[in-house]
Structures are given as C-alpha cells and as structure tokens.
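Student: Just so it is clear, I am handing over run04.txt, which has compact mmCIF, C-alpha atoms.
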# COMPACT_ATOMS: atom_id res chain seq x y z
CA MET A 1 223.73 274.55 239.99
CA SER A 2 223.55 278.35 239.57
CA TRP A 3 224.61 280.13 236.40
CA ARG A 4 227.45 281.85 238.29
CA LYS A 5 229.12 278.51 239.05
CA ILE A 6 228.70 277.32 235.44
CA THR A 7 230.27 280.52 234.12
CA PHE A 8 233.21 280.13 236.50
CA ILE A 9 233.87 276.54 235.40
CA VAL A 10 233.80 277.47 231.67
CA VAL A 11 236.19 280.38 232.17
CA ALA A 12 238.57 278.17 234.18
CA LEU A 13 238.66 275.55 231.40
CA ILE A 14 239.39 278.17 228.72
CA VAL A 15 242.28 279.59 230.79
CA LEU A 16 243.69 276.11 231.41
CA LEU A 17 243.61 275.12 227.71
CA GLY A 18 245.10 278.41 226.56
CA GLY A 19 247.98 278.04 229.03
CA SER A 20 248.73 274.53 227.84
CA ALA A 21 248.90 275.68 224.22
CA ALA A 22 251.22 278.54 225.08
CA LEU A 23 253.57 276.23 226.97
CA SER A 24 253.67 273.81 224.00
CA LEU A 25 254.65 276.59 221.59
CA LEU A 26 257.34 277.71 223.97
CA PHE A 27 258.88 274.26 224.24
CA VAL A 28 258.83 273.79 220.43
CA SER A 29 260.60 277.12 219.92
CA MET A 30 263.30 276.09 222.37
CA LYS A 31 264.15 272.87 220.34
CA PRO A 32 267.44 273.30 218.39
CA GLU A 33 267.12 273.28 214.52
CA PRO A 34 268.59 270.07 212.96
CA LYS A 35 271.55 270.41 210.62
CA ARG A 36 270.66 270.15 206.89
CA ARG A 37 272.46 267.52 204.82
CA PRO A 38 274.21 268.87 201.74
CA ASP A 39 272.55 268.22 198.35
CA VAL A 40 273.75 265.01 196.71
CA GLU A 41 273.85 264.34 192.96
CA MET A 42 273.87 260.67 191.98
CA VAL A 43 276.13 259.48 189.17
CA ARG A 44 274.99 256.46 187.13
CA TYR A 45 277.55 254.29 185.39
CA VAL A 46 276.56 253.01 181.97
CA LYS A 47 277.92 250.86 179.15
CA ALA A 48 278.98 252.96 176.17
CA ASP A 49 280.94 252.43 172.95
CA THR A 50 282.90 254.84 170.81
CA ILE A 51 281.05 255.77 167.63
CA LYS A 52 283.03 254.48 164.64
CA TYR A 53 281.66 253.67 161.21
CA ALA A 54 282.82 250.80 158.98
CA ASP A 55 281.42 248.11 156.68
CA VAL A 56 279.15 245.87 158.75
CA VAL A 57 278.52 242.31 157.53
CA SER A 58 275.06 241.27 158.68
CA SER A 59 273.46 237.86 158.17
CA LEU A 60 269.74 237.10 158.46
CA MET A 61 268.05 233.92 159.71
CA ARG A 62 264.48 233.09 158.69
CA GLU A 63 262.29 229.98 158.56
CA GLY A 64 261.04 228.56 155.27
CA TRP A 65 259.22 225.53 153.91
CA VAL A 66 260.16 223.25 151.04
CA ILE A 67 257.75 223.51 148.12
CA SER A 68 257.63 221.86 144.72
CA SER A 69 258.52 223.91 141.67
CA ASN A 70 255.43 222.37 140.00
CA GLU A 71 252.07 221.53 141.55
CA VAL A 72 249.55 220.27 139.00
CA ASN A 73 245.92 219.21 139.13
CA LEU A 74 245.32 216.05 137.08
CA VAL A 75 242.11 216.78 135.18
CA SER A 76 240.15 214.42 132.93
CA GLU A 77 239.78 215.67 129.34
CA ALA A 78 237.24 212.94 128.56
CA SER A 79 234.31 211.31 130.33
CA GLY A 80 234.14 207.66 131.32
CA LYS A 81 235.32 205.09 133.85
CA ILE A 82 238.89 205.31 135.16
CA GLU A 83 240.97 202.25 134.24
CA ALA A 84 244.35 201.27 135.69
CA GLY A 85 247.58 202.54 134.22
CA ASP A 86 251.18 201.62 134.98
CA ILE A 87 251.12 202.93 138.58
CA THR A 88 248.76 202.79 141.55
CA LEU A 89 246.43 205.77 141.67
CA LYS A 90 246.79 206.39 145.43
CA LYS A 91 247.96 209.28 147.59
CA GLY A 92 251.73 209.10 148.16
CA THR A 93 252.46 207.00 145.08
CA SER A 94 255.56 208.17 143.20
CA PHE A 95 255.94 208.09 139.43
CA LYS A 96 258.43 208.87 136.67
CA LYS A 97 257.98 211.20 133.75
CA GLY A 98 256.13 209.54 130.86
CA GLU A 99 254.57 206.72 132.90
CA LEU A 100 250.89 205.97 132.20
CA ILE A 101 248.95 207.18 135.22
CA ALA A 102 245.46 206.06 134.20
CA VAL A 103 243.16 205.48 131.22
CA ILE A 104 239.66 206.87 130.76
CA TYR A 105 237.44 204.21 129.13
CA LYS A 106 238.32 204.41 125.42
CA ASP A 107 236.93 201.36 123.62
CA GLU A 108 234.01 203.06 121.87
CA VAL A 109 236.14 206.02 120.72
CA GLU A 110 238.88 203.65 119.53
CA LEU A 111 236.48 201.51 117.49
CA ALA A 112 234.85 204.57 115.91
CA LEU A 113 238.29 205.83 114.90
CA LYS A 114 239.22 202.51 113.29
CA SER A 115 235.98 202.60 111.34
CA LYS A 116 236.83 206.03 109.95
CA LYS A 117 240.32 204.84 109.00
CA SER A 118 238.83 201.92 107.10
CA ALA A 119 236.60 204.33 105.17
CA PHE A 120 239.65 206.47 104.49
CA LEU A 121 241.53 203.46 103.07
CA ASN A 122 238.58 202.68 100.85
CA SER A 123 238.52 206.24 99.50
CA PHE A 124 242.26 206.05 98.86
CA THR A 125 241.84 202.80 96.97
CA ASN A 126 239.32 204.47 94.66
CA ILE A 127 241.59 207.42 93.78
CA LEU A 128 244.83 205.53 93.12
CA PRO A 129 243.93 204.51 89.51
CA ASP A 130 243.02 208.11 88.66
CA LEU A 131 246.21 209.37 90.25
CA LYS A 132 248.26 206.97 88.11
CA VAL A 133 246.66 208.31 84.92
CA ASP A 134 246.17 212.00 85.67
CA PHE A 135 249.04 212.68 88.10
CA PRO A 136 251.77 210.15 87.37
CA ASP A 137 254.44 212.23 89.14
CA ALA A 138 252.54 212.02 92.45
CA TYR A 139 251.26 208.46 92.09
CA GLN A 140 254.26 206.62 93.57
CA GLU A 141 254.42 208.90 96.62
CA PHE A 142 250.70 208.45 97.39
CA LEU A 143 250.95 204.71 96.82
CA THR A 144 253.77 204.47 99.35
CA TYR A 145 251.70 206.48 101.82
CA PHE A 146 248.71 204.16 101.28
CA ASN A 147 250.81 201.07 101.97
CA GLN A 148 252.15 202.55 105.23
CA ILE A 149 248.73 203.21 106.76
CA ASP A 150 248.11 201.07 109.87
CA ILE A 151 244.60 201.17 111.32
CA GLY A 152 246.00 200.69 114.83
CA GLU A 153 248.47 203.61 114.54
CA ASP A 154 248.11 207.36 114.07
CA LEU A 155 248.09 208.64 110.52
CA SER A 156 251.24 210.33 109.29
CA GLU A 157 251.12 213.55 107.31
CA LEU A 158 249.82 213.39 103.76
CA PRO A 159 252.40 213.80 101.00
CA GLU A 160 252.97 217.48 100.25
CA VAL A 161 250.65 218.74 97.51
CA LYS A 162 252.11 221.61 95.50
CA GLU A 163 250.11 221.36 92.29
CA GLY A 164 246.76 223.17 92.35
CA LYS A 165 244.94 220.62 90.17
CA LEU A 166 246.03 217.77 92.46
CA LYS A 167 244.78 219.65 95.51
CA ILE A 168 241.39 220.16 93.80
CA PHE A 169 241.27 216.50 92.87
CA LEU A 170 241.93 215.33 96.49
CA ALA A 171 239.41 217.77 97.91
CA SER A 172 236.71 216.72 95.42
CA ARG A 173 237.19 213.07 96.40
CA ASN A 174 236.83 213.99 100.13
CA ILE A 175 240.35 212.77 100.92
CA LEU A 176 241.42 215.94 102.76
CA ASN A 177 238.22 216.11 104.83
CA GLN A 178 238.51 212.48 105.90
CA PHE A 179 242.20 212.89 106.75
CA TYR A 180 241.72 215.88 109.06
CA THR A 181 238.62 214.35 110.67
CA ILE A 182 240.68 211.28 111.57
CA ARG A 183 243.53 213.43 112.91
CA GLN A 184 241.01 215.26 115.10
CA ASP A 185 239.63 211.98 116.46
CA GLU A 186 243.17 210.75 117.15
CA LYS A 187 243.68 213.80 119.35
CA ARG A 188 240.46 213.03 121.18
CA LEU A 189 241.52 209.42 121.73
CA ASN A 190 244.86 210.55 123.16
CA ARG A 191 242.97 212.52 125.82
CA HIS A 192 241.82 209.21 127.29
CA PHE A 193 245.44 208.40 128.25
CA LEU A 194 246.89 210.30 131.24
CA TYR A 195 250.71 210.37 131.31
CA ALA A 196 253.00 211.78 134.00
CA PRO A 197 254.41 215.18 132.93
CA PHE A 198 257.37 214.94 135.36
CA ASP A 199 258.89 212.89 138.17
CA GLY A 200 256.59 213.35 141.13
CA THR A 201 254.09 212.03 143.65
CA PHE A 202 250.39 212.30 144.40
CA THR A 203 249.52 214.62 147.30
CA LYS A 204 245.77 214.13 146.89
CA VAL A 205 243.61 211.64 144.96
CA ASN A 206 239.93 212.46 144.46
CA SER A 207 238.92 209.58 142.14
CA GLU A 208 240.47 206.12 142.03
CA VAL A 209 240.36 203.28 139.51
CA GLY A 210 236.79 202.25 138.80
CA ALA A 211 235.24 205.67 139.41
CA TYR A 212 233.32 207.44 136.66
CA VAL A 213 234.43 210.98 135.83
CA ASN A 214 233.09 213.71 133.59
CA THR A 215 235.13 215.93 131.32
CA GLY A 216 236.92 218.52 133.46
CA ALA A 217 236.78 216.49 136.69
CA GLN A 218 239.84 216.80 138.97
CA ILE A 219 241.21 213.31 139.50
CA ALA A 220 244.27 214.08 141.64
CA THR A 221 246.84 216.65 142.70
CA MET A 222 250.52 215.92 142.07
CA ILE A 223 253.80 217.70 142.74
CA ARG A 224 257.19 217.53 141.12
CA THR A 225 259.79 215.94 143.40
CA ASP A 226 262.97 216.34 141.36
CA GLN A 227 262.87 220.15 141.48
CA LEU A 228 262.21 221.52 144.97
CA GLU A 229 262.59 225.02 146.39
CA ILE A 230 262.42 226.67 149.80
CA GLU A 231 259.96 229.52 150.15
CA VAL A 232 261.10 231.95 152.84
CA PRO A 233 258.86 234.85 153.93
CA VAL A 234 260.97 237.89 154.82
CA GLU A 235 259.78 241.26 156.12
CA GLY A 236 259.63 243.88 153.40
CA PHE A 237 262.36 246.11 154.88
CA GLN A 238 264.67 243.11 155.32
CA SER A 239 264.11 241.72 151.82
CA ASP A 240 265.53 244.91 150.30
CA TRP A 241 268.98 243.72 151.41
CA ILE A 242 268.68 240.36 149.64
CA ASN A 243 269.28 240.00 145.90
CA ILE A 244 268.74 237.24 143.35
CA GLY A 245 271.89 235.13 143.23
CA ASP A 246 272.83 235.67 146.90
CA LYS A 247 274.27 232.56 148.58
CA VAL A 248 272.50 230.94 151.53
CA ILE A 249 272.98 228.08 153.97
CA ALA A 250 269.87 226.03 154.82
CA HIS A 251 269.60 223.95 158.00
CA SER A 252 266.94 221.23 158.32
CA ASP A 253 265.23 220.07 161.51
CA ARG A 254 267.07 216.76 161.07
CA GLY A 255 270.43 218.47 161.50
CA ASN A 256 271.43 218.40 157.84
CA LYS A 257 272.90 221.37 155.97
CA TRP A 258 272.65 222.47 152.34
CA ARG A 259 274.07 225.32 150.33
CA GLY A 260 271.87 227.21 147.92
CA GLN A 261 271.08 230.55 146.36
CA VAL A 262 268.19 232.94 145.86
CA VAL A 263 266.54 232.31 142.48
CA ARG A 264 263.39 234.47 142.74
CA LYS A 265 261.86 237.31 144.73
CA ALA A 266 258.13 237.86 144.82
CA ASP A 267 256.99 241.18 143.36
CA PHE A 268 254.29 241.53 146.00
CA VAL A 269 253.91 241.62 149.79
CA ASP A 270 251.50 239.30 151.61
CA ALA A 271 248.72 241.47 153.04
CA ASP A 272 248.39 239.39 156.23
CA THR A 273 252.06 239.01 157.19
CA GLN A 274 253.53 242.02 155.35
CA SER A 275 256.28 239.66 154.19
CA ARG A 276 257.83 239.11 150.78
CA SER A 277 258.56 235.55 149.65
CA LEU A 278 262.07 234.60 148.55
CA PHE A 279 262.68 231.30 146.76
CA ILE A 280 265.81 229.26 147.38
CA LYS A 281 267.22 226.52 145.12
CA LEU A 282 269.36 224.02 147.01
CA GLN A 283 272.48 222.27 145.77
CA ASP A 284 272.25 218.48 145.99
CA ASN A 285 274.62 217.37 148.73
CA GLY A 286 274.32 213.74 147.60
CA ARG A 287 273.66 212.43 151.10
CA HIS A 288 270.21 213.42 152.28
CA GLU A 289 266.89 213.85 150.53
CA VAL A 290 264.74 216.94 150.75
CA LEU A 291 261.00 216.45 151.15
CA ALA A 292 258.21 218.84 150.23
CA GLY A 293 256.73 220.46 153.33
CA GLU A 294 259.94 220.15 155.36
CA LEU A 295 260.89 223.08 157.61
CA PHE A 296 264.29 224.77 157.12
CA MET A 297 266.15 227.57 158.83
CA VAL A 298 267.75 229.64 156.08
CA GLU A 299 270.74 231.89 156.71
CA PHE A 300 271.20 234.70 154.20
CA MET A 301 274.90 235.51 154.07
CA GLY A 302 277.02 238.51 153.16
CA GLN A 303 274.66 241.44 153.56
CA VAL A 304 277.16 244.31 153.71
CA VAL A 305 276.03 247.66 155.12
CA LYS A 306 278.59 250.35 154.34
CA ASN A 307 279.62 253.20 156.66
CA ALA A 308 277.58 252.03 159.66
CA MET A 309 277.73 250.80 163.25
CA GLU A 310 275.88 248.01 165.07
CA ILE A 311 274.37 248.30 168.57
CA PRO A 312 271.80 246.30 170.61
CA ARG A 313 268.16 247.04 169.76
CA SER A 314 267.41 247.43 173.48
CA ALA A 315 269.56 250.58 173.57
CA VAL A 316 267.15 252.38 171.21
CA PHE A 317 263.94 254.02 172.42
CA ASN A 318 261.15 256.06 170.81
CA THR A 319 261.85 254.15 167.58
CA ASN A 320 265.07 255.98 166.62
CA GLU A 321 266.54 257.71 169.69
CA VAL A 322 269.59 256.79 171.77
CA PHE A 323 271.51 258.28 174.69
CA THR A 324 275.01 259.61 174.17
CA VAL A 325 277.50 260.71 176.81
CA GLU A 326 278.78 264.29 176.48
CA ASP A 327 280.80 265.99 179.23
CA GLY A 328 279.62 263.45 181.77
CA LYS A 329 275.93 263.94 180.99
CA LEU A 330 273.30 262.02 179.05
CA LYS A 331 272.09 263.54 175.80
CA LYS A 332 269.27 262.32 173.55
CA LYS A 333 270.15 261.91 169.89
CA MET A 334 268.25 260.70 166.83
CA ILE A 335 269.89 258.07 164.64
CA ASN A 336 269.37 256.92 161.06
CA ILE A 337 268.47 253.21 161.20
CA LEU A 338 269.72 251.32 158.15
CA LYS A 339 268.83 247.72 159.05
CA TRP A 340 267.03 245.83 161.82
CA ASN A 341 268.33 242.44 162.99
CA GLU A 342 267.00 240.01 165.56
CA THR A 343 268.76 241.56 168.57
CA THR A 344 270.77 244.40 167.03
CA LEU A 345 270.35 247.21 164.56
CA ILE A 346 272.69 248.99 162.18
CA PHE A 347 272.71 252.77 162.06
CA ASN A 348 274.54 255.98 161.23
CA GLY A 349 273.74 259.65 161.69
CA LEU A 350 275.84 260.42 164.79
CA GLU A 351 279.23 262.12 164.76
CA GLU A 352 282.16 259.74 165.00
CA ASN A 353 284.34 259.46 168.11
CA GLY A 354 281.42 260.29 170.39
CA ARG A 355 280.11 257.82 172.96
CA VAL A 356 276.77 256.04 172.51
CA VAL A 357 275.06 254.15 175.36
CA THR A 358 274.65 250.46 174.48
CA GLU A 359 272.28 249.31 177.23
CA PRO A 360 268.67 250.13 178.13
CA LEU A 361 268.34 252.84 180.80
CA ILE A 362 265.29 253.05 183.06
CA ASN A 363 264.01 256.10 184.91
CA VAL A 364 266.68 258.50 183.65
CA LYS A 365 266.40 261.97 182.19
CA GLU A 366 268.46 263.94 179.75
CA ASN A 367 271.41 265.78 181.38
CA SER A 368 271.66 263.20 184.17
CA LEU A 369 275.22 262.73 185.45
CA VAL A 370 276.81 259.54 184.17
CA GLY A 371 280.11 257.77 184.04
CA ILE A 372 281.29 255.06 181.64
CA LEU A 373 281.85 251.58 182.99
CA GLY A 374 285.46 250.50 182.94
CA GLU A 375 286.83 254.01 182.37
CA ASN A 376 285.99 256.62 185.02
CA GLN A 377 284.31 254.23 187.42
CA PRO A 378 285.51 254.36 191.07
CA ALA A 379 287.75 251.47 192.14
CA ASN A 380 285.36 250.28 194.89
CA THR A 381 282.62 249.63 192.29
CA GLN A 382 284.78 247.97 189.63
CA GLY A 383 283.75 244.45 188.83
CA LYS A 384 280.19 244.72 190.17
CA LYS A 385 277.44 243.76 187.76
CA GLY A 386 274.53 245.96 186.75
CA GLY A 387 275.51 249.46 185.69
CA LYS A 388 272.27 250.87 187.06
CA ASP A 389 273.43 250.02 190.61
CA LYS A 390 276.82 251.75 190.31
CA VAL A 391 276.44 255.29 191.67
CA GLU A 392 278.71 257.91 193.27
CA ALA A 393 277.75 260.97 195.29
CA ARG A 394 278.96 264.35 194.04
CA ARG A 395 278.69 267.05 196.66
Would you mind giving the structure from this file in structure tokens?
Tutor:
Amino acid sequence: MSWRKITFIVVALIVLLGGSAALSLLFVSMKPEPKRRPDVEMVRYVKADTIKYADVVSSLMREGWVISSNEVNLVSEASGKIEAGDITLKKGTSFKKGELIAVIYKDEVELALKSKKSAFLNSFTNILPDLKVDFPDAYQEFLTYFNQIDIGEDLSELPEVKEGKLKIFLASRNILNQFYTIRQDEKRLNRHFLYAPFDGTFTKVNSEVGAYVNTGAQIATMIRTDQLEIEVPVEGFQSDWINIGDKVIAHSDRGNKWRGQVVRKADFVDADTQSRSLFIKLQDNGRHEVLAGELFMVEFMGQVVKNAMEIPRSAVFNTNEVFTVEDGKLKKKMINILKWNETTLIFNGLEENGRVVTEPLINVKENSLVGILGENQPANTQGKKGGKDKVEARR
C-alpha cells in the first residue's frame, strides 16, 4: 500500500472521530436541566426534662463480706509436746471463752516449782521464831500467811511490810528473793496452759495434739464468732457521702435481711482497688445466723444531696457535658457533678427552668434542630419509640 492511501485513511478516521464527539456534545447540551430539590433540614426529637433543683435522696448498693472483729494467731509461749485440753484441736471446732484449748507439756516445770515452794516453806519455818521475838506485831500475820501456803496453788501476796527493819530482816533471810522467784516460775507455768480468749472457732490448725512445738510456734488461727462485721469496699468519691452512724440494710445471698449501721471508716484507700473500707455492725434479728466469709449486699440509706438534680449517666458525655435545648437547637453545657450512682448521676451548675436532654444522642452536632418528645412533636409521630427516628423536614 502506498503512503498516499495510508495518509488518506488516517485523515478519514480523524474526521470521523471528531464529528462523533461534536454530535455528542450537541446532544448533551440539548438535554433539559433537572429541577433542584429544595434544601431540607432534619429535626430530631429528643427526651428532655425541665431543670429544677431540690434535695435528692440517693442510696448506694455495694457488696461486702462478713469478717470477725478479732482474728488471733494461737502461739506457744513454751516448748514441748501439745497435750489435749477441753476441746478438740481441729479446724472448724468451736469453743467458748475461758475453755482450755491445749496444754504444752508441763510436768518438769511443775515439779521444779513445787520444789522451790518447799524450800520457801523451809525458809519461812526458820524465820518464824525470830519474828515472834523481834517483831511480835508482825508475827501473827506472817504465821497466818505461812499456814495458808499450798504447794499446789499459786502463792498469794506477802503481808505488807512497812517497817524498815522488818524489810531488812526478810531480805537478809532470802525470803523476798525466794518469793519473787517462785512468782516468776508460776507465770512461766501458766504459759503452758492455752485458754480461749473469746467465743470463736478455728479457721486453721498447724499443729495438733501430740506434736512438738518450740516457743513462738504458731499452733492455730482462730476468729471471734460472737462479734462479726461486714467490710464493704466503697470508691473513694462515694465514701465521702457515708458517715459513721449511718443506717444500712444488709441482704444475704440466702434471702435474709438485717439492719445495721456504719461503725468505722478506714483512714486509707486500697492502692489496687482505690476503694475505702467501711465496717458495718449488724443488729441480731434473732432468726438467722451470720457466718464469717458470707457475702452481703449492703444498702446505704439516706444520702441527701441538697440543691441538685438527677439524670441518667448515659446522657453525659466528655465526662461532664450535656446537651440542652434552647430555641429549638442543641447546646453543649458543662455541669457540676456532685455524686455518681450506678445508672444515674446528681448534678447542678445549669440555670433552672431550662431543658436538659436525658438520653444519649449519636451523630449530632451543636446547633442541630431538635424538638422535645411529647411536647412539640408532630401528631403522626406520636407514640413511636426511639427519639432518634422521629424527624420532620423544615423547608
């Protein structure tokens, strides 16, 4: 094919394409312009309450556990084998105040003490004739004391010595030294007897009857069962509203109910939970027992917040901001939060008689058009649920 024919074909294609483009532009320009729809503003209908301040009574519910007012480690003050007392030395065993819990082997100490008392009696026998001659006024009193001494019982106090010469006489005959040595050994012997300091039960037993223990060994752990409390951890900002003496109602997992009051507040905050412990003493309802370790739900009553208003927590955003309705538009306002509850909060800081939104709003901006449900809502949307779906076009 010659170059003339190729040139002709290329020129023909260019002319054909250019004509097609021109015709397309012509047809587009001849199409009528569509009518524009007028701008539409959407109106959202929201739940809102009138701002009015009054005294708000707010209760608080928190979980707590029953604890004993006394938890004591039973420690041996002497060394030796553990012998049986009046009760069984086992975990879970209950006891009464003053009962003999156990005895640390005492025979050798007891015999040594009786030997010293015998020596003391002998020394007393030797001084009585001299007392009768040199100190006749004191003789009868010391004789009576001598006759009352029982080797198997603790020594009573010596007769009071007021005269200086008599005191010198007793000291020179070693009477005073022997007396106080015996009293010291009596104290040591008493350490071999372990008595219950209160009504309670064993929560842990480390050494049972027959085991050998050294001085200072921990034999068991016991708690007092006749004086129980409920320890309730409460957030620091909530505990400020609770005072010693406040009344409470405690509900157990078994469906029982007790009345009580706050008797103590911890002067520290737990570093892990940032909670402050409050201690509740229950009134005996005479029907059901309370057991250490039992879980209770405690209701703190009568927390009065003055000059305040309560709204749902979900209506608050950015920690302390809410929406108000002013002239049909949403406005952001900051509030002063006085107290947080489980699902609500108590606040002030807004002018009274205004309208505050009491529901969470999603994807809205300040100055958006709004109406208030139940007031200026159109009749055809009344009764429908979900304020976020109730809208009206304003042209």
Student: Using all atoms listed in the file, which of A:Gly152, A:Gly80, A:Pro159, A:Pro136 sits nearest A:Tyr212?
Tutor: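 Using all atoms listed in the file, the shortest distance to A:Tyr212 belongs to A:Gly80.
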Student: Find, counting all atoms listed in the file, the residue in A:Glu351, A:Asp86, A:Asp154, A:Glu231 that gets nearest to A:Trp65.
Tutor: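 Closest candidate: A:Glu231.
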Student: Find the spatial neighbours of A:Ile151, counting only C-alpha atoms, within a cut-off of 9 Å - ignore same-chain residues fewer than 4 positions away - and output them as an mmCIF file with C-alpha atoms, in the coordinates of the input.
Tutor:
data_model
loop_
_atom_site.group_PDB
_atom_site.id
_atom_site.type_symbol
_atom_site.label_atom_id
_atom_site.label_comp_id
_atom_site.auth_asym_id
_atom_site.auth_seq_id
_atom_site.Cartn_x
_atom_site.Cartn_y
_atom_site.Cartn_z
ATOM 1 C CA LEU A 113 238.290 205.830 114.900
ATOM 2 C CA LYS A 114 239.220 202.510 113.290
ATOM 3 C CA SER A 115 235.980 202.600 111.340
ATOM 4 C CA LYS A 117 240.320 204.840 109.000
ATOM 5 C CA SER A 118 238.830 201.920 107.100
ATOM 6 C CA LEU A 155 248.090 208.640 110.520
#
Student: Can you measure atom CA of A:Phe268 to atom CA of A:Lys204 for me? One decimal in Å is fine.
Tutor: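 If I compute the distance from atom CA of A:Phe268 to atom CA of A:Lys204, I get 28.7 Å.
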Student: For each of A:Leu330, A:Leu189, A:Leu100, A:Val161, take the minimum atom-to-atom distance to A:Gly371, counting only C-alpha atoms, then give the residue where this is smallest.
Tutor: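 Nearest to A:Gly371: A:Leu330.
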Student: Nearest residue to A:Leu74 out of A:Ser207, A:Gln261, A:Ser20, A:Gln148, using all atoms listed in the file?
Tutor: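 Checking each candidate against A:Leu74, we get A:Ser207 as the closest.
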Student: Which value, in Å to one decimal, gives the distance between atom CA of A:Asn73 and atom CA of A:Val290?
Tutor: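 Interatomic distance here is 22.2 Å.
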Student: I'd like to know which of A:Thr358, A:Ser68, A:Gln303, A:Thr181 is closest to A:Ala315, using all atoms listed in the file.
Tutor: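 Closest residue, counting all atoms listed in the file: A:Thr358.
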Student: Missing atoms in stretch 122-133 of chain A: can you complete it with N, CA and C atoms, as an mmCIF file, keeping the file's coordinate frame?
Tutor:
data_model
loop_
_atom_site.group_PDB
_atom_site.id
_atom_site.type_symbol
_atom_site.label_atom_id
_atom_site.label_comp_id
_atom_site.auth_asym_id
_atom_site.auth_seq_id
_atom_site.Cartn_x
_atom_site.Cartn_y
_atom_site.Cartn_z
ATOM 1 N N ASN A 122 239.436 202.972 101.998
ATOM 2 C CA ASN A 122 238.580 202.680 100.850
ATOM 3 C C ASN A 122 238.577 203.844 99.854
ATOM 4 N N SER A 123 238.500 205.057 100.376
ATOM 5 C CA SER A 123 238.520 206.240 99.500
ATOM 6 C C SER A 123 239.857 206.336 98.794
ATOM 7 N N PHE A 124 240.924 205.999 99.465
ATOM 8 C CA PHE A 124 242.260 206.050 98.860
ATOM 9 C C PHE A 124 242.382 205.019 97.743
ATOM 10 N N THR A 125 241.793 203.860 97.994
ATOM 11 C CA THR A 125 241.840 202.800 96.970
ATOM 12 C C THR A 125 241.158 203.257 95.677
ATOM 13 N N ASN A 126 240.078 204.024 95.828
ATOM 14 C CA ASN A 126 239.320 204.470 94.660
ATOM 15 C C ASN A 126 240.061 205.526 93.840
ATOM 16 N N ILE A 127 240.938 206.332 94.505
ATOM 17 C CA ILE A 127 241.590 207.420 93.780
ATOM 18 C C ILE A 127 242.932 207.013 93.172
ATOM 19 N N LEU A 128 243.509 205.905 93.623
ATOM 20 C CA LEU A 128 244.830 205.530 93.120
ATOM 21 C C LEU A 128 244.871 205.325 91.601
ATOM 22 N N PRO A 129 243.880 204.644 90.980
ATOM 23 C CA PRO A 129 243.930 204.510 89.510
ATOM 24 C C PRO A 129 243.899 205.848 88.791
ATOM 25 N N ASP A 130 243.072 206.797 89.287
ATOM 26 C CA ASP A 130 243.020 208.110 88.660
ATOM 27 C C ASP A 130 244.319 208.875 88.842
ATOM 28 N N LEU A 131 244.928 208.705 90.006
ATOM 29 C CA LEU A 131 246.210 209.370 90.250
ATOM 30 C C LEU A 131 247.272 208.867 89.269
ATOM 31 N N LYS A 132 247.251 207.557 88.991
ATOM 32 C CA LYS A 132 248.260 206.970 88.110
ATOM 33 C C LYS A 132 248.137 207.525 86.701
ATOM 34 N N VAL A 133 246.880 207.809 86.284
ATOM 35 C CA VAL A 133 246.660 208.310 84.920
ATOM 36 C C VAL A 133 246.845 209.814 84.842
#
